[in-house]
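Undergrad: So here's entry_37.cif, just mmCIF, C-alpha atoms:
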```
data_model
#
loop_
_atom_site.label_atom_id
_atom_site.label_comp_id
_atom_site.auth_asym_id
_atom_site.auth_seq_id
_atom_site.Cartn_x
_atom_site.Cartn_y
_atom_site.Cartn_z
CA MET A 14 16.91 64.18 159.15
CA PRO A 15 15.92 61.11 161.19
CA GLY A 16 12.48 61.05 159.60
CA ALA A 17 14.05 60.59 156.16
CA ILE A 18 15.77 57.36 157.16
CA THR A 19 14.23 54.38 155.42
CA ALA A 20 13.68 51.01 157.01
CA ALA A 21 16.11 49.50 154.50
CA THR A 22 18.81 52.00 155.50
CA VAL A 23 18.36 51.12 159.17
CA ARG A 24 18.44 47.39 158.46
CA GLU A 25 21.65 47.82 156.50
CA ALA A 26 23.22 49.93 159.26
CA VAL A 27 22.26 47.45 161.97
CA ALA A 28 23.56 44.55 159.89
CA ALA A 29 26.85 46.38 159.27
CA ALA A 30 27.16 47.15 162.98
CA HIS A 31 26.48 43.53 163.85
CA ARG A 32 29.27 42.40 161.52
CA SER A 33 31.82 44.85 162.86
CA GLU A 34 30.79 45.50 166.45
CA TRP A 35 29.10 42.38 167.88
CA GLY A 36 32.25 40.92 169.41
CA ALA A 37 33.31 44.26 170.89
CA VAL A 38 29.88 44.82 172.48
CA VAL A 39 29.81 41.31 174.00
CA ALA A 40 33.40 41.62 175.23
CA ALA A 41 32.95 45.04 176.83
CA THR A 42 29.76 43.90 178.54
CA ALA A 43 31.41 40.68 179.73
CA ARG A 44 34.15 42.75 181.34
CA LEU A 45 31.47 44.74 183.13
CA THR A 46 29.20 41.87 184.19
CA GLY A 47 31.53 38.92 184.59
CA GLU A 48 28.91 36.66 182.95
CA LEU A 49 28.98 35.50 179.34
CA ASP A 50 25.27 34.67 179.13
CA LEU A 51 24.33 38.06 180.53
CA ALA A 52 26.78 39.82 178.22
CA GLU A 53 25.30 38.09 175.19
CA GLU A 54 21.75 38.86 176.32
CA CYS A 55 22.58 42.55 176.77
CA ALA A 56 24.28 42.73 173.37
CA GLN A 57 21.17 41.27 171.76
CA GLU A 58 19.03 43.83 173.61
CA ALA A 59 21.26 46.65 172.35
CA PHE A 60 20.83 45.59 168.73
CA ALA A 61 17.08 45.21 169.23
CA ARG A 62 16.96 48.76 170.62
CA ALA A 63 18.89 49.97 167.58
CA VAL A 64 16.24 48.52 165.29
CA GLU A 65 13.58 50.29 167.37
CA LEU A 66 15.23 53.67 167.94
CA TRP A 67 17.46 54.43 164.97
CA PRO A 68 14.54 55.07 162.56
CA GLU A 69 13.31 57.82 164.95
CA ARG A 70 16.56 59.25 166.29
CA GLY A 71 18.90 58.64 163.39
CA ILE A 72 21.89 56.36 162.99
CA PRO A 73 24.59 57.41 165.48
CA ASP A 74 27.96 58.62 164.25
CA ARG A 75 29.63 55.86 166.28
CA PRO A 76 27.27 52.87 166.22
CA GLY A 77 29.66 50.69 168.20
CA ALA A 78 29.89 53.15 171.08
CA TRP A 79 26.10 53.58 171.09
CA LEU A 80 25.51 49.84 171.18
CA THR A 81 28.10 49.30 173.92
CA THR A 82 26.53 52.02 176.07
CA VAL A 83 23.02 50.60 175.64
CA ALA A 84 24.24 47.08 176.43
CA ALA A 85 26.13 48.32 179.51
CA ASN A 86 23.12 50.27 180.80
CA HIS A 87 20.87 47.26 180.31
CA ALA A 88 23.42 45.10 182.12
CA ARG A 89 23.51 47.48 185.10
CA ASP A 90 19.73 47.42 185.33
CA LEU A 91 19.70 43.64 185.34
CA LEU A 92 22.55 43.40 187.83
CA ARG A 93 20.74 45.61 190.32
CA ARG A 94 17.80 43.19 190.20
CA GLN A 95 19.97 40.09 190.46
CA VAL A 96 22.30 40.89 193.34
CA ALA A 97 21.17 37.92 195.42
CA LEU A 98 21.39 35.54 192.47
CA ARG A 99 24.87 36.73 191.47
CA ARG A 100 26.18 35.95 194.96
CA ARG A 101 25.50 32.28 194.21
CA LEU A 102 26.90 32.18 190.64
CA PRO A 103 30.54 31.80 189.55
CA LEU A 104 31.76 34.85 187.66
CA LEU A 105 34.53 35.39 185.13
CA VAL A 106 37.93 36.11 186.62
CA ARG A 107 38.87 39.64 185.60
CA ASP A 108 42.10 41.55 186.09
CA GLU A 109 41.95 44.18 188.81
CA VAL A 110 43.80 46.90 186.89
CA THR A 111 43.48 50.60 186.20
CA ASP A 112 42.25 51.97 182.89
CA ASP A 113 45.78 52.82 181.74
CA ASP A 114 47.11 49.31 182.37
CA ALA A 115 48.37 47.64 179.15
CA ALA A 116 46.01 44.69 179.61
CA VAL A 117 43.00 47.03 179.64
CA ARG A 118 44.17 48.98 176.61
CA ALA A 119 44.26 45.74 174.60
CA ASP A 120 41.07 45.34 172.64
CA ASP A 121 38.30 43.62 174.61
CA ARG A 122 37.64 41.35 171.65
CA LEU A 123 41.14 39.91 171.88
CA ARG A 124 40.65 39.13 175.56
CA LEU A 125 37.37 37.44 174.64
CA ILE A 126 39.08 35.41 171.89
CA PHE A 127 41.82 34.22 174.22
CA MET A 128 39.24 33.24 176.80
CA CYS A 129 37.16 31.35 174.22
CA CYS A 130 40.30 29.55 173.04
CA HIS A 131 41.57 28.61 176.50
CA PRO A 132 43.32 25.20 176.52
CA ALA A 133 40.92 23.95 179.22
CA LEU A 134 38.22 23.85 176.52
CA ALA A 135 38.00 21.21 173.80
CA ARG A 136 38.76 22.44 170.29
CA GLU A 137 35.15 22.10 169.09
CA ALA A 138 34.05 24.20 172.08
CA GLN A 139 36.72 26.81 171.33
CA VAL A 140 35.53 27.15 167.75
CA ALA A 141 31.84 27.24 168.64
CA LEU A 142 32.31 29.87 171.36
CA THR A 143 34.49 32.08 169.16
CA LEU A 144 32.02 31.95 166.30
CA ARG A 145 29.07 32.69 168.59
CA LEU A 146 30.47 35.26 171.02
CA VAL A 147 33.20 36.99 169.03
CA CYS A 148 31.90 36.73 165.46
CA GLY A 149 28.17 36.79 166.23
CA VAL A 150 27.34 33.78 164.06
CA ALA A 151 23.88 32.35 164.77
CA THR A 152 23.87 29.00 166.54
CA VAL A 153 21.89 27.42 163.70
CA ASP A 154 24.56 28.50 161.19
CA ILE A 155 27.38 27.14 163.36
CA ALA A 156 25.50 23.85 163.65
CA ARG A 157 25.02 23.68 159.89
CA ALA A 158 28.71 24.33 159.27
CA PHE A 159 29.76 21.49 161.58
CA LEU A 160 27.01 19.07 160.50
CA VAL A 161 25.24 18.79 163.86
CA THR A 162 21.76 19.78 164.99
CA GLU A 163 21.05 23.24 166.36
CA GLN A 164 20.15 21.67 169.73
CA THR A 165 23.49 19.83 169.86
CA MET A 166 25.43 22.99 169.08
CA ALA A 167 23.44 25.07 171.57
CA ALA A 168 24.18 22.50 174.28
CA ARG A 169 27.88 22.53 173.34
CA ILE A 170 28.05 26.31 173.65
CA THR A 171 26.18 26.29 176.97
CA ARG A 172 28.52 23.66 178.44
CA ALA A 173 31.55 25.67 177.33
CA LYS A 174 30.22 28.85 178.98
CA ARG A 175 29.58 26.98 182.21
CA LYS A 176 33.07 25.51 182.17
CA ILE A 177 34.61 28.95 181.71
CA ALA A 178 32.82 30.22 184.80
CA ALA A 179 33.27 27.09 186.92
CA ALA A 180 36.98 26.74 186.05
CA HIS A 181 37.59 30.48 186.61
CA ILE A 182 39.07 30.89 183.13
CA PRO A 183 40.27 34.52 183.15
CA PHE A 184 39.00 37.30 180.91
CA ARG A 185 42.43 38.72 180.14
CA MET A 186 45.31 38.65 177.70
CA PRO A 187 47.86 35.87 178.39
CA ASP A 188 51.14 36.89 179.97
CA VAL A 189 54.43 36.78 178.05
CA ARG A 190 55.18 33.17 179.02
CA GLU A 191 51.76 31.90 177.95
CA MET A 192 51.45 33.95 174.77
CA PRO A 193 53.16 31.67 172.17
CA ALA A 194 51.13 28.55 172.99
CA ARG A 195 47.90 30.48 173.48
CA THR A 196 48.39 32.40 170.23
CA SER A 197 48.83 29.13 168.35
CA ALA A 198 45.41 27.93 169.57
CA VAL A 199 43.80 31.23 168.58
CA CYS A 200 45.33 30.98 165.11
CA ASP A 201 43.90 27.48 164.68
CA VAL A 202 40.41 28.66 165.65
CA LEU A 203 40.50 31.77 163.46
CA TYR A 204 41.66 29.69 160.51
CA LEU A 205 38.79 27.25 161.06
CA ALA A 206 36.36 30.16 161.20
CA PHE A 207 37.80 31.55 157.96
CA THR A 208 37.63 28.22 156.14
CA VAL A 209 34.03 27.60 157.26
CA GLY A 210 33.05 30.98 155.86
CA HIS A 211 35.13 30.55 152.72
CA ALA A 212 33.32 27.28 151.97
CA SER A 213 30.05 29.23 151.59
CA PRO A 214 30.98 32.03 149.16
CA GLY A 215 27.45 32.72 147.92
CA GLU A 216 25.89 33.04 151.37
CA SER A 217 25.92 36.22 153.47
CA SER A 218 26.79 34.29 156.65
CA GLY A 219 29.87 32.89 154.91
CA ARG A 220 31.01 36.31 153.71
CA ASP A 221 30.47 37.80 157.15
CA LEU A 222 32.46 35.02 158.80
CA VAL A 223 35.39 35.48 156.41
CA ALA A 224 35.37 39.23 157.08
CA ALA A 225 35.21 38.70 160.84
CA ALA A 226 38.04 36.15 160.88
CA LEU A 227 40.21 38.40 158.73
CA ALA A 228 39.53 41.46 160.90
CA LEU A 229 40.29 39.56 164.10
CA THR A 230 43.52 38.17 162.65
CA ARG A 231 44.59 41.68 161.67
CA MET A 232 43.87 42.80 165.22
CA LEU A 233 45.86 39.90 166.67
CA GLN A 234 48.80 40.71 164.39
CA THR A 235 48.97 44.26 165.75
CA GLN A 236 49.25 42.83 169.27
CA VAL A 237 51.98 40.28 168.41
CA PRO A 238 53.69 41.78 165.32
CA ARG A 239 56.75 39.52 165.66
CA ASP A 240 54.77 36.28 165.76
CA ARG A 241 55.45 34.51 162.45
CA SER A 242 52.47 32.16 162.85
CA VAL A 243 50.07 35.10 163.00
CA ALA A 244 51.83 36.75 160.04
CA GLY A 245 51.58 33.52 158.05
CA LEU A 246 47.89 33.12 158.88
CA LEU A 247 47.15 36.71 157.90
CA ALA A 248 49.10 36.28 154.65
CA LEU A 249 47.13 33.12 153.85
CA MET A 250 43.78 34.78 154.53
CA LEU A 251 44.67 37.87 152.48
CA LEU A 252 45.83 35.88 149.47
CA ILE A 253 42.78 33.63 149.46
CA ASP A 254 40.27 36.40 150.16
CA ALA A 255 41.77 38.50 147.36
CA ARG A 256 39.89 36.14 144.98
CA ARG A 257 36.50 36.74 146.66
CA ALA A 258 34.95 38.50 143.64
CA THR A 259 35.35 35.31 141.61
CA ARG A 260 34.69 32.69 144.27
CA ASP A 261 31.52 31.51 142.53
CA ARG A 262 33.75 29.90 139.89
CA LEU A 263 36.49 27.29 140.00
CA LEU A 264 40.04 28.61 140.02
CA PRO A 265 40.69 27.72 136.33
CA ASP A 266 37.63 29.73 135.29
CA GLN A 267 38.21 32.80 137.42
CA ASP A 268 38.78 36.20 135.80
CA ARG A 269 42.04 37.18 137.47
CA SER A 270 41.58 40.82 136.54
CA LEU A 271 38.88 40.89 139.23
CA TRP A 272 41.25 39.77 141.98
CA ASP A 273 42.10 42.41 144.56
CA ARG A 274 45.69 43.13 143.58
CA ALA A 275 46.30 45.49 146.51
CA GLN A 276 45.30 42.72 148.89
CA VAL A 277 47.53 40.27 147.01
CA GLU A 278 50.48 42.63 147.46
CA GLU A 279 49.66 43.01 151.16
CA GLY A 280 49.50 39.24 151.50
CA LEU A 281 52.85 38.79 149.76
CA ALA A 282 54.46 41.38 152.04
CA MET A 283 53.03 39.63 155.12
CA LEU A 284 54.32 36.32 153.76
CA GLY A 285 57.79 37.86 153.68
CA THR A 286 57.48 38.57 157.41
CA ALA A 287 56.22 35.03 158.10
CA ALA A 288 59.08 33.46 156.13
CA ALA A 289 61.83 35.44 157.86
CA GLY A 290 62.70 32.37 159.96
CA PRO A 291 61.42 28.83 160.54
CA VAL A 292 58.04 28.46 158.84
CA ASP A 293 54.88 26.69 159.98
CA ARG A 294 51.87 25.33 158.13
CA PHE A 295 50.26 28.76 157.73
CA ALA A 296 53.32 30.25 156.04
CA ILE A 297 53.71 27.21 153.75
CA SER A 298 50.01 27.32 152.84
CA ALA A 299 50.36 31.04 152.17
CA ALA A 300 53.31 30.31 149.88
CA ILE A 301 51.08 27.93 147.90
CA ALA A 302 48.39 30.61 147.65
CA ALA A 303 51.09 33.05 146.54
CA VAL A 304 52.03 30.83 143.59
CA HIS A 305 48.41 31.00 142.40
CA ALA A 306 48.22 34.74 143.06
CA GLN A 307 51.35 35.47 141.04
CA ALA A 308 50.40 33.35 138.01
CA ARG A 309 48.98 35.59 135.28
CA THR A 310 46.82 32.75 133.93
CA TRP A 311 45.71 29.29 135.05
CA GLU A 312 47.95 27.72 132.39
CA ALA A 313 50.96 29.67 133.70
CA THR A 314 50.63 28.21 137.23
CA ASP A 315 53.88 26.64 138.43
CA TRP A 316 52.47 23.25 139.45
CA GLY A 317 55.93 21.83 140.07
CA ARG A 318 56.51 24.50 142.70
CA ILE A 319 53.11 23.78 144.26
CA VAL A 320 53.84 20.04 144.48
CA ASP A 321 57.15 20.83 146.19
CA LEU A 322 55.43 23.10 148.69
CA TYR A 323 52.82 20.41 149.44
CA ASP A 324 55.69 18.02 150.14
CA VAL A 325 57.01 20.49 152.73
CA LEU A 326 53.52 21.10 154.14
CA GLY A 327 52.94 17.36 154.48
CA GLU A 328 56.03 17.08 156.67
CA ALA A 329 55.06 20.07 158.81
CA TRP A 330 51.39 19.15 159.09
CA PRO A 331 50.58 15.55 158.08
CA SER A 332 46.94 15.46 156.98
CA PRO A 333 44.80 13.52 154.47
CA VAL A 334 43.52 16.85 153.16
CA VAL A 335 47.09 17.99 152.45
CA GLU A 336 47.78 14.68 150.69
CA LEU A 337 44.63 15.11 148.60
CA ASN A 338 45.63 18.63 147.58
CA ARG A 339 49.10 17.35 146.70
CA ALA A 340 47.50 14.62 144.56
CA VAL A 341 45.49 17.25 142.70
CA ALA A 342 48.64 19.30 142.11
CA ILE A 343 50.37 16.18 140.75
CA GLY A 344 47.47 15.66 138.35
CA MET A 345 47.74 19.26 137.18
CA ARG A 346 51.47 18.86 136.65
CA ASP A 347 51.57 15.37 135.13
CA GLY A 348 48.09 14.80 133.69
CA PRO A 349 44.73 13.30 134.76
CA GLN A 350 45.94 9.69 134.96
CA ALA A 351 48.71 10.68 137.35
CA GLY A 352 46.17 12.66 139.36
CA LEU A 353 43.80 9.70 139.65
CA ALA A 354 46.64 7.44 140.75
CA ALA A 355 47.76 9.93 143.40
CA ILE A 356 44.19 10.34 144.70
CA GLU A 357 43.82 6.57 144.92
CA ALA A 358 46.54 6.52 147.59
CA VAL A 359 44.43 8.67 149.95
CA ARG A 360 40.95 7.73 148.77
CA ASP A 361 40.18 5.47 151.75
CA ALA A 362 41.27 7.90 154.49
CA PRO A 363 38.38 8.09 157.02
CA ALA A 364 38.83 11.86 157.36
CA LEU A 365 37.92 12.26 153.67
CA ASP A 366 34.84 10.05 153.79
CA ARG A 367 32.43 13.01 153.60
CA TYR A 368 34.81 15.57 152.09
CA ALA A 369 33.22 16.91 148.91
CA TYR A 370 36.53 17.91 147.36
CA LEU A 371 37.62 14.26 147.04
CA PRO A 372 34.86 13.13 144.61
CA ALA A 373 34.98 16.55 142.91
CA ALA A 374 38.71 16.15 142.22
CA ARG A 375 38.25 12.57 140.99
CA ALA A 376 35.40 13.74 138.78
CA ALA A 377 37.57 16.43 137.16
CA PHE A 378 40.36 13.96 136.37
CA LEU A 379 37.87 11.34 135.14
CA ALA A 380 36.39 13.97 132.85
CA GLY A 381 39.89 14.86 131.70
CA SER A 382 40.31 11.19 130.79
CA GLU A 383 36.93 11.23 128.96
CA ARG A 384 35.45 8.71 131.41
CA TRP A 385 32.21 10.66 131.38
CA ALA A 386 29.83 8.26 133.13
CA GLU A 387 32.21 7.79 136.06
CA ALA A 388 32.80 11.53 136.18
CA ALA A 389 29.05 12.22 136.35
CA ALA A 390 28.65 9.81 139.27
CA GLU A 391 31.48 11.48 141.18
CA TYR A 392 30.12 14.97 140.50
CA ASP A 393 26.75 13.79 141.87
CA ARG A 394 28.44 12.42 144.98
CA ALA A 395 30.33 15.67 145.53
CA ALA A 396 27.12 17.69 145.13
CA GLY A 397 25.47 15.58 147.81
CA LEU A 398 28.30 16.25 150.26
CA THR A 399 28.79 20.01 149.93
CA ALA A 400 26.96 22.39 152.28
CA SER A 401 27.29 25.34 149.88
CA LEU A 402 24.24 25.93 147.69
CA ALA A 403 26.33 27.66 145.02
CA GLU A 404 28.88 24.84 145.00
CA ARG A 405 26.11 22.23 144.81
CA ALA A 406 24.54 23.94 141.81
CA ARG A 407 27.89 24.08 140.02
CA LEU A 408 28.64 20.41 140.69
CA GLN A 409 25.17 19.37 139.53
CA GLU A 410 25.72 21.29 136.30
CA GLU A 411 29.07 19.52 135.81
CA ALA A 412 27.33 16.17 136.38
CA SER A 413 24.67 17.02 133.83
CA GLN A 414 27.27 17.97 131.21
CA ALA A 415 29.26 14.80 131.89
CA ARG A 416 26.12 12.65 131.48
CA SER A 417 25.32 14.34 128.19
CA ARG A 418 28.77 13.35 126.89
CA ALA A 419 28.65 9.80 128.21
#
```
Would you write out, as structure tokens, the structure that this file holds?
TA:
Amino acid sequence: MPGAITAATVREAVAAAHRSEWGAVVAATARLTGELDLAEECAQEAFARAVELWPERGIPDRPGAWLTTVAANHARDLLRRQVALRRRLPLLVRDEVTDDDAAVRADDRLRLIFMCCHPALAREAQVALTLRLVCGVATVDIARAFLVTEQTMAARITRAKRKIAAAHIPFRMPDVREMPARTSAVCDVLYLAFTVGHASPGESSGRDLVAAALALTRMLQTQVPRDRSVAGLLALMLLIDARRATRDRLLPDQDRSLWDRAQVEEGLAMLGTAAAGPVDRFAISAAIAAVHAQARTWEATDWGRIVDLYDVLGEAWPSPVVELNRAVAIGMRDGPQAGLAAIEAVRDAPALDRYAYLPAARAAFLAGSERWAEAAAEYDRAAGLTASLAERARLQEEASQARSRA
């Protein structure tokens, strides 16, 4: 009975619907209205109405359909009042197709993703728009993840929306000729979204972002099943997310019996698809994750294989972060002194200046060399750079233990 529904039950249902349905509600409303701001406003109104009405009427069997209907009705009401204004505003370019056209049958969220990741937008705008409109991440959380103020991020998102309308960026799936290049951009953005969420394992916003990125990548893979980049990205996400139950601990300390073995097997199978031809950085990164996933213990990890894979990844995707990860793998294979020497070669890279993993890795190898005072200082530096509260607490504890041994 509706009267038996508790406030906590409603809050949980609304939160679950927000995680799974936000992007679909915004996308469907954008297709109706032709305006991103209006679509977002109507989606917010729909969720507010859910909070108000579900305690009295009960939680609908299909929350997503209910929310989309409420958002659409609210949009129609607003549009009737704003006819004169809309004549003066640029609208989204939408395909004029029938309901059984293939472009319409494609999920609205995918059309929204491709629009957010249009090459006319800068990469930071692509990421911000995708996180806000498709994944429903609050502007303040996006700003925190990218180390800018909320006002700066809000302005960035607003400018991107205006550019979409002014440049007539279409709300549609790319055609066959555009698809490979456009899919590559979408993969980059989804991977960034996943890594931002993965960096905050103890926070609900981080978990929600990982789940959203993974769900959207699955959806993309169903649309382009032969695209090896998408398969590689999905394999990488699956293999990393399989360790989510132990993410509050470092990899050496994780209880591997808690890893999601079914998800590991799915990731390995997807990696097989990705590696059925020339491989890209996602497939190579997934292969590295697969080595960890297949090792029964930390000590049994094939570090020689991981170093080799990082060599290949460095050629396919030159990056200071890749070089740092390779240096860590060298240290695990050859000992802490070798690791410190390898890190020294990339220590001054500007891109790593505020990257918490650099001092954390140095600290671990310094501790392995019993250079406790230096290790404590590096752990402190890493703690000051990480945005994750759980990670900061762990690093501070490591610093305290190193100081006690110094």
Undergrad: Take CA of Phe127 (chain A) and CA of Thr208 (chain A) and report the distance between them in Å, one decimal.
TA: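 Here the two named atoms are 19.5 Å from each other.
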Undergrad: For this file, the PyMOL selection byres ((chain A and resi 264) around 12) selects which residues, as a ChimeraX atom specification?
TA: /A:253,256-263,265-269,272,302,305-306,308,310-312,314
Undergrad: Quick one: which residues end up in the PyMOL selection byres ((chain A and resi 39) around 10) for this structure, as a VMD selection string?
TA: chain A and resid 34 to 38 40 to 45 49 to 57 80 to 81 84 to 85 121 to 122 125 146 to 149
Undergrad: Skip Ala289 (chain A) itself and residues of its chain fewer than 4 positions away, then list as a PDB file with C-alpha atoms, in the frame of the given file all residues within 9 Å of it, counting all atoms listed in the file.
TA:
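Writing done, so here's out33.pdb:
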```pdb
ATOM      1  CA  ARG A 241      55.450  34.510 162.450  1.00  0.00           C
ATOM      2  CA  LEU A 284      54.320  36.320 153.760  1.00  0.00           C
ATOM      3  CA  GLY A 285      57.790  37.860 153.680  1.00  0.00           C
TER       4      GLY A 285
END
```
Undergrad: For CA of Ala396 (chain A) and CA of Gln409 (chain A), quote the distance in Å rounded to one decimal.
TA: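 Interatomic distance, CA of Ala396 (chain A) to CA of Gln409 (chain A): 6.2 Å.
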Undergrad: Can you list what the PyMOL selection byres ((chain A and resi 128) around 12) grabs from this structure, as a count of residues only?
TA: 44
Undergrad: Within 8 Å of Thr19 (chain A), counting all atoms listed in the file, which residues qualify if same-chain residues fewer than 3 places away don't, as a list in words?
TA: Thr22, Val23 and Pro68 of chain A
Undergrad: Between CA of Phe295 (chain A) and CA of Val341 (chain A), what is the distance in Å, rounded to a tenth?
TA: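 Value for the CA of Phe295 (chain A)-CA of Val341 (chain A) distance: 19.5 Å.
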Undergrad: At most 10 Å from (38.7, 30.8, 160.8), file frame, only C-alpha atoms: which residues, as a PyMOL selection string?
TA: chain A and resi 140+143-144+199-211+222-227+229-230+246+250
